[in-house]
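Visitor: The structure's right below; bear with me while I get my questions together.
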Amino acid sequence: MAPNPKDPTMRFDFSSVDDVESYVHVPEGLHNCRVAEVRDGRSRDGSVRWSYRLEVLDGEWAGRTAAWDSLTWSERGIYRVKKVLAALGLDVKGVVEIVPTDLIGLRTRVRVEPEEREDPSTGRRQVRMRVPYLGYEAYEAPTDVETPDTLAPVDGWRQKREAAADEKPPEDDDFAF
């Protein structure tokens, strides 16, 4: 097909365009998250490593991946493992027996920040969100969300339960059946 002389010629200097692959799905900062997926593997030194995906629980970014992080069960990494497991709500005061799937569904509050790296296989720069070394806190339910007056507004279950609590309990022989 011959070019149309009325079409403008496009000219752009692409040397000013960064060649970066972005895997950023949420903004930098604190997010309430849950562990959505866990993959069992090994670190370079052969230690057990659990890589897991943190999914945002609430707000505008709910359902999006905040970051991938990992726990390395080595002498060097065990301090961070303890801090992360505690932030996930586990009691780490003594012996803990746990398998990777036990993490799924646990909630925590994480700080994420962008990190740029070069992919060794392609040489392309990539930006991903990462959790800093001590970027975990205990989960906090959002306080800016309005909670309904009833748990089941359609059938009034909560009102019935509260009304029943205010009434005098029946005597043993006062049952309706």
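Following the order of the structure tokens, chains are lettered A, B, ..., residues in each are numbered from 1, and ligands are numbered from 1.
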Write out, as CSV, each residue of segment 88-134 of chain A that has an atom at most 12 Å from segment 6-18 of chain A, together with the closest pair of atoms and their distance in Å to one decimal, counting only C-alpha atoms, rows going by chain and rising number.
Guide:
residue,atom,partner,partner_atom,distance
A:Arg124,CA,A:Asp18,CA,10.3
A:Arg125,CA,A:Asp18,CA,9.0
A:Gln126,CA,A:Asp18,CA,10.6
A:Val127,CA,A:Asp18,CA,11.5
Visitor: Which residues are close to segment 102-117 of chain A, i.e. within 6 Å by only C-alpha atoms, leaving aside same-chain residues fewer than 2 positions away? Reply as a ChimeraX atom specification.
Guide: /A:28-36,87-88,99-100,125-131,135-139
Visitor: Store the residues picked out above in a file with C-alpha atoms, as a PDB file, in the first residue's frame.
Guide:
ATOM      1  CA  GLU A  28       5.053   2.541  47.143  1.00  0.00           C
ATOM      2  CA  GLY A  29       4.095   2.533  50.831  1.00  0.00           C
ATOM      3  CA  LEU A  30       2.219   0.468  53.432  1.00  0.00           C
ATOM      4  CA  HIS A  31      -0.422  -2.064  52.367  1.00  0.00           C
ATOM      5  CA  ASN A  32      -2.529  -4.617  54.241  1.00  0.00           C
ATOM      6  CA  CYS A  33      -1.822  -7.896  52.488  1.00  0.00           C
ATOM      7  CA  ARG A  34      -2.408 -11.613  52.650  1.00  0.00           C
ATOM      8  CA  VAL A  35      -0.133 -14.406  51.525  1.00  0.00           C
ATOM      9  CA  ALA A  36      -1.846 -15.571  48.335  1.00  0.00           C
ATOM     10  CA  ALA A  87       4.092 -10.125  61.770  1.00  0.00           C
ATOM     11  CA  LEU A  88       1.954 -12.792  60.080  1.00  0.00           C
ATOM     12  CA  VAL A  99       4.878 -26.058  56.165  1.00  0.00           C
ATOM     13  CA  PRO A 100       4.757 -23.586  53.259  1.00  0.00           C
ATOM     14  CA  ARG A 125      16.181  -3.376  33.217  1.00  0.00           C
ATOM     15  CA  GLN A 126      13.177  -4.363  35.326  1.00  0.00           C
ATOM     16  CA  VAL A 127      11.368  -2.552  38.122  1.00  0.00           C
ATOM     17  CA  ARG A 128       9.554  -4.601  40.763  1.00  0.00           C
ATOM     18  CA  MET A 129       8.201  -3.852  44.197  1.00  0.00           C
ATOM     19  CA  ARG A 130      10.177  -5.307  47.086  1.00  0.00           C
ATOM     20  CA  VAL A 131       9.678  -5.561  50.835  1.00  0.00           C
ATOM     21  CA  GLY A 135       9.241  -4.108  56.191  1.00  0.00           C
ATOM     22  CA  TYR A 136       6.587  -6.163  57.993  1.00  0.00           C
ATOM     23  CA  GLU A 137       4.128  -5.123  60.698  1.00  0.00           C
ATOM     24  CA  ALA A 138       1.149  -6.780  62.351  1.00  0.00           C
ATOM     25  CA  TYR A 139      -2.038  -6.628  60.276  1.00  0.00           C
TER      26      TYR A 139
END
Visitor: Report as an NGL selection string: the residues of segment 59-151 of chain A with a DSSP assignment of strand (DSSP E or B), based on the backbone of this structure.
Guide: :A and (65-73 or 107-118 or 125-130 or 136-137)
Visitor: Report, in Å to a single decimal, how far apart atom CA of Thr101 of chain A and atom CA of Arg76 of chain A are.
Guide: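 So the answer is 23.0 Å.
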Visitor: Show which residues sit within 9 Å of Trp73 of chain A, as a list in words. Count only C-alpha atoms, and ignore same-chain residues fewer than 4 positions away.
Guide: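 The filter keeps Ser47, Val48, Arg49, Trp50, Gly77, Ile78 and Val81 of chain A.
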Visitor: Can you spit out the residues from that selection as a PDB file, in the first residue's frame, using N, CA and C atoms?
Guide:
ATOM      1  N   SER A  47      19.928 -23.638  51.061  1.00  0.00           N
ATOM      2  CA  SER A  47      18.948 -23.528  52.144  1.00  0.00           C
ATOM      3  C   SER A  47      17.528 -23.539  51.587  1.00  0.00           C
ATOM      4  N   VAL A  48      16.592 -24.007  52.408  1.00  0.00           N
ATOM      5  CA  VAL A  48      15.182 -23.977  52.024  1.00  0.00           C
ATOM      6  C   VAL A  48      14.735 -22.525  51.911  1.00  0.00           C
ATOM      7  N   ARG A  49      14.036 -22.220  50.817  1.00  0.00           N
ATOM      8  CA  ARG A  49      13.514 -20.870  50.619  1.00  0.00           C
ATOM      9  C   ARG A  49      12.060 -20.963  50.187  1.00  0.00           C
ATOM     10  N   TRP A  50      11.198 -20.229  50.886  1.00  0.00           N
ATOM     11  CA  TRP A  50       9.791 -20.140  50.523  1.00  0.00           C
ATOM     12  C   TRP A  50       9.544 -18.774  49.906  1.00  0.00           C
ATOM     13  N   GLY A  77      19.508 -16.129  57.623  1.00  0.00           N
ATOM     14  CA  GLY A  77      18.181 -15.588  57.363  1.00  0.00           C
ATOM     15  C   GLY A  77      17.154 -15.805  58.446  1.00  0.00           C
ATOM     16  N   ILE A  78      17.493 -16.563  59.481  1.00  0.00           N
ATOM     17  CA  ILE A  78      16.484 -16.976  60.467  1.00  0.00           C
ATOM     18  C   ILE A  78      15.936 -15.811  61.292  1.00  0.00           C
ATOM     19  N   VAL A  81      13.167 -14.460  59.232  1.00  0.00           N
ATOM     20  CA  VAL A  81      12.079 -15.441  59.239  1.00  0.00           C
ATOM     21  C   VAL A  81      11.238 -15.252  60.496  1.00  0.00           C
TER      22      VAL A  81
END
Visitor: When you draw a straight line from atom CA of Val26 of chain A to atom CA of Leu71 of chain A, how long is it in Å?
Guide: 21.8 Å
Visitor: Please report, as a PyMOL selection string, each residue of segment 1-176 of chain A to which DSSP assigns helix (DSSP H, G or I) when run on this structure's backbone.
Guide: chain A and resi 14-16+78-87+100-103+157-166+172-174
Visitor: Could those selected residues go to a file with C-alpha atoms, as a JSON list (two decimals), in the first residue's frame?
Guide:
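The new file part-v8.json reads:
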[["chain", "number", "residue", "atom", "x", "y", "z"],
["A", 14, "PHE", "CA", 13.71, 6.97, 21.16],
["A", 15, "SER", "CA", 17.07, 7.42, 22.86],
["A", 16, "SER", "CA", 15.21, 9.41, 25.55],
["A", 78, "ILE", "CA", 16.48, -16.98, 60.47],
["A", 79, "TYR", "CA", 16.21, -13.59, 62.26],
["A", 80, "ARG", "CA", 14.12, -12.21, 59.39],
["A", 81, "VAL", "CA", 12.08, -15.44, 59.24],
["A", 82, "LYS", "CA", 11.18, -14.95, 62.91],
["A", 83, "LYS", "CA", 10.19, -11.29, 62.39],
["A", 84, "VAL", "CA", 8.07, -12.06, 59.32],
["A", 85, "LEU", "CA", 6.29, -15.02, 60.94],
["A", 86, "ALA", "CA", 5.52, -12.88, 63.99],
["A", 87, "ALA", "CA", 4.09, -10.13, 61.77],
["A", 100, "PRO", "CA", 4.76, -23.59, 53.26],
["A", 101, "THR", "CA", 1.00, -23.88, 52.75],
["A", 102, "ASP", "CA", 0.41, -22.79, 56.38],
["A", 103, "LEU", "CA", 1.31, -19.26, 55.25],
["A", 157, "TRP", "CA", -30.19, -11.47, 62.41],
["A", 158, "ARG", "CA", -28.06, -9.11, 64.50],
["A", 159, "GLN", "CA", -31.05, -7.12, 65.78],
["A", 160, "LYS", "CA", -32.81, -10.35, 66.76],
["A", 161, "ARG", "CA", -29.68, -11.57, 68.57],
["A", 162, "GLU", "CA", -29.26, -8.27, 70.44],
["A", 163, "ALA", "CA", -32.98, -8.14, 71.34],
["A", 164, "ALA", "CA", -32.79, -11.71, 72.65],
["A", 165, "ALA", "CA", -29.78, -10.79, 74.79],
["A", 166, "ASP", "CA", -31.81, -8.02, 76.43],
["A", 172, "ASP", "CA", -36.64, -24.48, 81.90],
["A", 173, "ASP", "CA", -40.36, -25.17, 81.55],
["A", 174, "ASP", "CA", -41.11, -21.99, 79.53]]
Visitor: Between A:Val95, A:Asp69, A:Leu57, A:Gly41, which has the minimum distance to Pro132 of chain A (counting only C-alpha atoms)?
Guide: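 Checking each of A:Val95, A:Asp69, A:Leu57, A:Gly41 against Pro132 of chain A, counting only C-alpha atoms, the winner is A:Asp69.
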Visitor: Looking at A:Arg42, A:Val20, A:Ile98, A:Tyr52, which one is nearest to Ala66 of chain A, with distances taken over only C-alpha atoms?
Guide: A:Tyr52
Visitor: Hey, can you check how far atom CA of Asp40 of chain A sits from atom CA of Trp68 of chain A?
Guide: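 So the two atoms, atom CA of Asp40 of chain A and atom CA of Trp68 of chain A, lie 13.0 Å apart.
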